[in-house]
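Structure first, commentary second.
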Amino acid sequence: QVQLVESGGGLVQAGGSLRLSCTASGSLSNINAMAWYRQAPGGSRELIASITSGGAVHYVDSVKGRFTISRTNDKSTLYLQMSSLKPEDTAIYSCYYSDGLGISEFRGQGTQVTVSS
């Protein structure tokens, strides 16, 4: 089992920055993919950034160039550096760890990010 706890959310003005962290505990040896999702009010959960154990990253177009996903080498912490934040980035952000095979998947409770105009 893997436990995930997000931190770093909060209220920020448009144009500002935040760094989210996801601290993982438990057995991480089979984890091969990590990601950040977000769910805006009234919306569905959206995959916004992912990183593999090999370091390959992917971003949804709406955050490309503004957000950066990274992780520690031991996969114990996942980060999301967010800059040039917009009001439409307001959402609950959650982290996700997976074995990449769909067999083992874990998700954190989420942290609220609110961007004021």
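Ordered as shown in the structure tokens, chains take letters A, B, and onward, while each chain numbers its residues from 1 and ligands are numbered from 1 in the order shown.
If you count only C-alpha atoms and ignore residues fewer than 4 places along the chain from Asn73 (chain A), what sits within 12 Å of it is A:Leu28, A:Ser29, A:Ile31, A:Asn32, A:Ile51, A:Thr52, A:Ser53, A:Gly54, A:Gly55, A:Thr77, A:Leu78, A:Tyr79.
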Just the residues within 8 Å of Gln13 (chain A), please, counting only C-alpha atoms, with nothing from its chain fewer than 3 positions along; format it as an MDAnalysis selection string.
-> chainID A and resid 16 85 115:117
Output C-alpha atoms for every residue in that selection, as a PDB file, in the first residue's frame.
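The new file out-v8.pdb reads:
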ATOM      1  CA  GLY A  16       1.307  34.173  -8.894  1.00  0.00           C
ATOM      2  CA  LEU A  85      -1.597  31.036 -12.377  1.00  0.00           C
ATOM      3  CA  VAL A 115      -6.607  31.741  -7.883  1.00  0.00           C
ATOM      4  CA  SER A 116      -8.235  35.141  -7.505  1.00  0.00           C
ATOM      5  CA  SER A 117      -8.534  37.611 -10.362  1.00  0.00           C
TER       6      SER A 117
END
Close residues, Leu80 (chain A) itself excluded, 12 Å, only C-alpha atoms, min 5 positions apart in chain, as a PyMOL selection string = chain A and resi 6-9+17-23+34-38+48-51+57+59+63+66-72+93-95+111+113
The selected residues should be written to file as a short mmCIF file (atom, residue, chain, number, x, y, z; two decimals), in the first residue's frame (atoms: C-alpha atoms).
data_model
loop_
_atom_site.label_atom_id
_atom_site.label_comp_id
_atom_site.auth_asym_id
_atom_site.auth_seq_id
_atom_site.Cartn_x
_atom_site.Cartn_y
_atom_site.Cartn_z
CA GLU A 6 -0.63 16.62 -0.70
CA SER A 7 0.39 20.01 0.63
CA GLY A 8 1.12 23.49 -0.63
CA GLY A 9 -2.28 24.58 -1.82
CA SER A 17 3.01 30.88 -8.18
CA LEU A 18 2.56 27.89 -5.92
CA ARG A 19 4.43 24.66 -5.43
CA LEU A 20 2.45 21.58 -4.54
CA SER A 21 4.06 18.60 -2.85
CA CYS A 22 2.87 15.03 -2.56
CA THR A 23 4.56 12.98 0.12
CA MET A 34 3.14 9.50 -11.04
CA ALA A 35 0.76 12.28 -11.94
CA TRP A 36 -1.18 15.32 -10.86
CA TYR A 37 -4.90 15.61 -11.45
CA ARG A 38 -7.25 18.48 -10.76
CA ILE A 48 -2.76 17.67 -16.06
CA ALA A 49 0.79 16.36 -15.69
CA SER A 50 2.53 13.03 -15.46
CA ILE A 51 6.03 11.67 -15.04
CA VAL A 57 6.91 14.03 -18.64
CA TYR A 59 1.39 17.99 -19.78
CA VAL A 63 -0.78 24.06 -18.32
CA ARG A 66 3.38 27.20 -16.85
CA PHE A 67 3.49 24.04 -14.71
CA THR A 68 6.43 21.73 -14.06
CA ILE A 69 6.17 18.24 -12.60
CA SER A 70 9.14 16.69 -10.86
CA ARG A 71 9.95 14.04 -8.31
CA THR A 72 12.68 12.91 -5.98
CA TYR A 93 -5.30 19.13 -7.00
CA SER A 94 -4.51 15.52 -6.19
CA CYS A 95 -1.52 13.30 -6.79
CA THR A 111 -5.33 20.15 -1.81
CA VAL A 113 -5.82 25.83 -5.04
#
As a ChimeraX atom specification, list the residues of region 69-116 of chain A assigned to strand (DSSP E or B) by DSSP on the backbone atoms of this structure.
-> /A:69-71,77-82,91-98,105-107,111-116
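What separates CA of Asp89 (chain A) from CA of His58 (chain A) is a distance of 17.6 Å.
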Of the candidates A:Gly65, A:Gln109, A:Ile92, A:Leu101, which one gets nearest to Ser44 (chain A) if we count only C-alpha atoms?
-> A:Ile92
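For the set A:Thr114, A:Ser83, A:Lys64, A:Gln1, the residue with the smallest atom-to-atom gap to Asn30 (chain A) is A:Gln1, counting only C-alpha atoms.
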d(CA of Tyr97 (chain A), CA of Val60 (chain A)) in Å | 17.7 Å
